[in-house]
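Undergrad: One structure is given below, represented as C-alpha cells, and several questions about it will come after.
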Amino acid sequence: MNIIANSAIATETDDSEHTELLRLLKESVEAYAQRTGIKPARDLRGRTPGIDPAAWKLFAEQGWTGSLISEAHGGQGLPYEAATVVARELARILRPEPFVTSTVFAATILSKLDGTSADLLTGIASGTRVVGVAWQSRFGGLDPRQTPVKFGGSNMLSGDIHHVASGMEADAFIVAALDGDELLLALVDAAGISRESEPRPDGTFSATLSLSNAEGKILARGAAAETALRHGIAAAAIVTAAELVGCMEQALEITIGYLKTRVQFDRPIGSFQALQHRTVDLYIQKELSVSVLAEAVRALDTEVELPRLEMEAARAKARCTHAALMIGRESIKLHGAIAYTDEYDVGLYLRRILSLAAFYGNASENRSSYSALLLEHGGALDETDSTTARVDPAFMSDSHVDVDWNKFSDSDFRSGVRAYFEAHYPVELRHMGRRGSSEEMAPWLSLMAAKRWIAPAWPKEHGGMGLDPYKQVIFIEERERVGIARNPDQGVVMFGPMLMRYGTDAQKAKYLPRILSAEDAWCQGYSEPNAGSDLASLRTEAVLDGEEYIINGSKIWTSSGHHATHMFLLARTDKTAKKQEGISFFILDLKTAGVTIRPITNIAGHDEFCEVFFDNVRVPRDNLVGQINKGWTVAKSLLGFERLNNGSPRRVSGPLKAMEAVGKARGVWTDASFREKYVGVYLDIADLKSNYSRFADIVRSGRMPGPEISQLKIWAGECAQRLSEMLIDVSGSAGGVAVKQSFSDERFNVVAPFYAMFPSQIASGSNDIQRNILSKRVLGLPNS
C-alpha cells in the first residue's frame, strides 16, 4: 500500500494535516525497518552494485523515490521535510540504496531546469532510473566551479571526477563541466564512462569517473547551471545530515541500552557518574543536530534565497557531521572491546558515519564555506543592513500599537526592533557588563511598558507581544546588539508565566499588569545556605496563623533582591513530609516587616545578589500560589522557565558582537586563524539559538518543558565560557583591562562576559546537576 499516495497532502496553512502526513510516512518507513533490520545492509557490504533491486522497487512502490518530484512526473510533490523523514529512518538500518543521490540530489537539479528532462524525473520517481551527480575533484570542496571536467566542443567532455556517490549503481550522470569560464551541466550515459570503484569505510562504494571525449546532452549553461547545481548540493547536504542524525540516534540508543545492562563491580556501568555525564554530552550533540536540521529543512521548504540556503546547509552538515563522529567514536569507547568487533552492530554505524561525513563537505569544509558566505552575504550577527532597511512606522511608535508582530518578515522585524532600540536606548547604559538596577533602567522600562514590549514571549491576551520563537531570538539579539542591560526581569521571564498556569484569577489580575507596567520588580527566593542544587532540603518555614502565614528563615544568592519590590519563594509548611513534599509557594512584598536584605558583592565587584532574612514575616493566606504543600510542582515548572531563560542566547549575543568589534579593531577580522575560531563559536551559538527556538515554541504553545530542557542550559553555559575566554584571548593585552574600551566605534568591557559566564553554569542548578537530571530522567540510566 502506498501510504503517501493515499494520504492527503497538507497545504501550508494546514499544520495538523501536514503533521499527520509526516507521521504516516514515518510509520511506513519504520515498519519497513522493523521487518528487515540491519542484516540486509550487512549482506550487501563489499558488493557492486551495492543495492538490493527488490528493496529499491519497494521504495518506488511506496512513493519514496518520487517524494520530491511533482505529480505531473509521477511523483508525490512533497516537501523536503518528507525526504528527510525517509532518509533518517532508512539510515537507522544502514540502507545503502541511492536515495539521497538520485531522489534528492539529481531530482533537485533537474527540477530547477524548467522541465528539460521530464523523462528523467519520471524515471527517478518510478525507480527505473538511478541518476548520479558528478562534480568533484579528488580533494573535494564545495565550489561547483572547481569541477575537473572540460567541455571540448561537439558535446564532448573529458576529465576525472572523484568520490561520486552511488557511482557504481547509476545508469546516467549529471556532469558539471567548464567550457572556458562558463559552467555547464550535461547528461552523460553511464555506458560512455569508465568507472573505478572506491571502497568506503562502511563497505559501500563511491566511484571515480573517467571521461574521455564522452558525449553528453547539455542540460544548462551559465547562471542556470550553477544555480541548479548549488541548490542540489545544498539539498543533498541537508538530507545527508538527516542520515547522520539517523545513524547517531541508533548508535546512541544501542549504547544507552548497553550501559543499562552491562554489569561491572556488581553494578550496571550506566550507574557510574563519569559515564553518565559523557553519555549526556553525546545526547546534547544529538539534540543540537535535530534542532539545526529542522531549521535547514525549513529553509529548503520555504525557498529562502540561495546564499541563505547554502549557509543553513553548511551549518547543518557541519553540526551533524561533528555530532555523529563524536557519538560514533564515543559509543565504541563506552562499550569497550565488544564494540571493536565486526559482529557487534554499533561499529557499523561509526563506519557509515565516516562515509557520510565526507560527502558534500566534511565538518571543517562546511565551516569554511559558512565563514566565506558569512563574510560575503551575512556580516556577523545577521543579514540586515539597518542603514537601508525599511522600517514600518509601528515599530517607532512610543505607545502601544495593536499589531501582529509575527506578520512581519524576520528581516523587517529585525530592522524595526533595531531602529527603535538604537534611537531610544541611552548610550551611557550600553554594554555595562552587569545587570542594570531598577533605578537606572526606570526610564527605559517606562518606554517599553508604554509600547507593551516588556514581555516579548507572553501571549497577547496577557499583555505580551506574542512573538513566535524565531522573533523572540531576533528580539534578544537586537537587545544584545545595542547593549541593553538586563533589568530585574524575573517577573517577566519566570514568575509571570508560572502565575498564568497556577495562579488564581485574583492573583493574575493583581500582579500581571504590574509586571507589564514595570511597577513591580521581582526576585526569586529558592536557594538557601544548605539548599542550593539540592533545593528540596530548604529549611525556611511558613506556619499558618489565622489568615496569615508566619515565615522564618533565609534565602541566599537572590539576584537583584536589593532592587526588587516582591519575591516569590518556597517555604516548608509540613516538616513531617518527605523532602519534596510539604513545601509551598508564596508571594512576598519585600516591604513587609521582618524582611532584611544584605547585598553580596560578586567576584566582578558588583552587588548582583543578596542574602534575605525572614524574622516572623507575616504573609496573607491569599499569597499562597497553588495548593498547600504542593509548591514543589509549581517550583519545578518555574525552574523550567528559569532554565529556558538561562539557556537563551542573551548571554552570548553581546559578547559575539564584541568579538567582531575587537577582530576588526585589531585588523584580524579576515585572518584565517581568527575566522576559524570565530566561526566555530558563531556556529555553536547559532545552534544554541535553534535549540532555544525549539523549547520556546513548547512554552509558547502552552505546554511545559520537561527535564530535557536541562540540555539547553548546559549548552548555553558552555557557549558562554568558550566565547568569553576567546574574547579575552583575541583582545591581547587589552584583555587585561576591566573597564569599557573602544573597539571599532563601539565600547565594551571584554572581561565582563567572563565573569557573567559563571552564573550561567551555576544558577538554577549547576551544569553537573543538569547532567544528572538528564541521565536519570531523560536517558533512564540507573541510579548511582
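Scheme for the C-alpha cells: letters A, B, ... for chains in order shown; per-chain residue numbers from 1; ligand numbers from 1 in order shown.
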I'd like to know which residues of stretch 115-184 of chain A are strand (DSSP E) (by DSSP, run on the backbone); could you write them as JSON, numbers by chain?

TA: {"A": [131, 132, 133, 134, 150, 151, 156, 157, 158, 159, 160, 161, 162, 163, 164, 172, 173, 174, 175, 176, 177, 178, 179, 182, 183, 184]}

Undergrad: Can you pull out every residue within 9 Å of A:Gly765, counting only C-alpha atoms, but drop anything in the same chain fewer than 5 positions away, and send it as a list in words?

TA: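 After dropping sequence-adjacent residues, the list is Gly532, Ser533, Asp534, Leu535, Arg643 and Gln770 of chain A.
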
Undergrad: Residues at most 7 Å from A:Pro782, counting only C-alpha atoms, excluding those fewer than 4 positions away in the same chain, as a ChimeraX atom specification?

TA: /A:260,270-271,776

Undergrad: Could you pull the residues within 7 Å of A:Tyr360, counting only C-alpha atoms, minus those fewer than 5 positions along the same chain, as a list in words?

TA: Leu142, Ile233 and Ala237 of chain A

Undergrad: Residues as selected, C-alpha atoms, written as an mmCIF file, in the first residue's frame, can you do that?

TA:
data_model
loop_
_atom_site.group_PDB
_atom_site.id
_atom_site.type_symbol
_atom_site.label_atom_id
_atom_site.label_comp_id
_atom_site.auth_asym_id
_atom_site.auth_seq_id
_atom_site.Cartn_x
_atom_site.Cartn_y
_atom_site.Cartn_z
ATOM 1 C CA LEU A 142 32.032 22.761 -2.295
ATOM 2 C CA ILE A 233 24.398 20.383 -3.329
ATOM 3 C CA ALA A 237 23.931 18.084 2.210
#

Undergrad: Write out as a list of chain:residue names which residues come within 9 Å of A:Leu723 when counting only C-alpha atoms, dropping same-chain ones fewer than 4 positions away.

TA: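 Near neighbours after the sequence-gap exclusion: A:Val652, A:Pro655, A:Leu656, A:Met659, A:Tyr678, A:Val681, A:Tyr682, A:Glu718, A:Cys719, A:Leu727, A:Ile728, A:Pro753, A:Phe754.
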
Undergrad: Run DSSP on the backbone of this structure and report the residues of stretch 670-708 of chain A it assigns to alpha helix (DSSP H), as a ChimeraX atom specification.

TA: /A:672-700

Undergrad: Given only C-alpha atoms as the basis, pick out the residue of A:Ser197, A:Glu477, A:Gly222, A:Phe641 nearest to A:Gly180.

TA: A:Gly222

Undergrad: For stretch 78-87 of chain A, please output as a PyMOL selection string all residues within 8 Å (counting only C-alpha atoms; exclusion window: fewer than 4 positions along the same chain).

TA: chain A and resi 9+22+25-26+29+64+67-70+91+99-100+104+239-240+242-243+246+297-298+300-301

Undergrad: Fewer than 2 positions away in the same chain doesn't count, so skip those; otherwise give me all residues within 12 Å of A:Glu660, counting only C-alpha atoms, as a PDB file with C-alpha atoms, in the first residue's frame.

TA:
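Result went into out_12.pdb, see below:
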ATOM      1  CA  LEU A 375      31.617  37.477   5.071  1.00  0.00           C
ATOM      2  CA  GLY A 379      28.109  40.142   8.153  1.00  0.00           C
ATOM      3  CA  ALA A 380      28.449  38.955  11.726  1.00  0.00           C
ATOM      4  CA  LEU A 381      25.150  38.667  13.573  1.00  0.00           C
ATOM      5  CA  ARG A 481      23.497  44.193  19.810  1.00  0.00           C
ATOM      6  CA  SER A 653      24.854  37.630  21.618  1.00  0.00           C
ATOM      7  CA  GLY A 654      26.516  40.743  23.083  1.00  0.00           C
ATOM      8  CA  PRO A 655      29.986  39.185  23.539  1.00  0.00           C
ATOM      9  CA  LEU A 656      29.786  37.839  19.985  1.00  0.00           C
ATOM     10  CA  LYS A 657      29.323  41.390  18.743  1.00  0.00           C
ATOM     11  CA  ALA A 658      32.274  42.432  20.900  1.00  0.00           C
ATOM     12  CA  VAL A 662      37.774  43.516  18.561  1.00  0.00           C
ATOM     13  CA  GLY A 663      38.670  41.460  15.488  1.00  0.00           C
ATOM     14  CA  LYS A 664      38.111  44.443  13.212  1.00  0.00           C
ATOM     15  CA  ALA A 665      39.925  46.832  15.528  1.00  0.00           C
ATOM     16  CA  ARG A 666      42.975  44.540  15.624  1.00  0.00           C
ATOM     17  CA  GLY A 667      42.919  44.040  11.854  1.00  0.00           C
ATOM     18  CA  VAL A 668      42.416  40.264  12.081  1.00  0.00           C
ATOM     19  CA  TRP A 669      38.766  40.117  11.003  1.00  0.00           C
ATOM     20  CA  THR A 670      39.651  38.397   7.710  1.00  0.00           C
ATOM     21  CA  PHE A 674      40.780  34.267  13.630  1.00  0.00           C
ATOM     22  CA  ARG A 675      37.957  33.338  11.252  1.00  0.00           C
ATOM     23  CA  LYS A 677      37.929  30.403  15.855  1.00  0.00           C
ATOM     24  CA  TYR A 678      35.218  32.999  15.359  1.00  0.00           C
ATOM     25  CA  VAL A 679      33.075  30.894  13.039  1.00  0.00           C
ATOM     26  CA  VAL A 681      31.915  29.717  18.277  1.00  0.00           C
ATOM     27  CA  TYR A 682      29.493  31.589  15.996  1.00  0.00           C
ATOM     28  CA  LEU A 723      33.149  32.789  23.829  1.00  0.00           C
ATOM     29  CA  MET A 726      38.126  33.625  23.331  1.00  0.00           C
ATOM     30  CA  LEU A 727      37.159  37.296  23.630  1.00  0.00           C
ATOM     31  CA  VAL A 730      41.621  37.816  20.950  1.00  0.00           C
ATOM     32  CA  SER A 731      41.854  41.145  22.788  1.00  0.00           C
ATOM     33  CA  PHE A 743      36.848  48.953  19.561  1.00  0.00           C
ATOM     34  CA  SER A 744      35.676  49.851  16.056  1.00  0.00           C
ATOM     35  CA  ASP A 745      33.449  52.724  17.231  1.00  0.00           C
ATOM     36  CA  GLU A 746      31.935  50.571  19.993  1.00  0.00           C
ATOM     37  CA  PHE A 748      32.912  47.070  25.528  1.00  0.00           C
ATOM     38  CA  VAL A 750      35.926  42.499  27.355  1.00  0.00           C
TER      39      VAL A 750
END

Undergrad: For the atom pair atom CA of A:Pro98 and atom CA of A:Val175, what is the interatomic distance in Å to one decimal place?

TA: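 Atom CA of A:Val175 lies at a distance of 17.0 Å from atom CA of A:Pro98.
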
Undergrad: Measuring atom to atom with only C-alpha atoms, identify which of A:Ser126, A:Met704, A:Ala564, A:Gln136 is nearest to A:Phe359.

TA: A:Gln136

Undergrad: Would you mind reading off the distance between atom CA of A:Ala521 and atom CA of A:Glu548, one decimal, in Å?

TA: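 Separation of atom CA of A:Ala521 and atom CA of A:Glu548: 23.1 Å.
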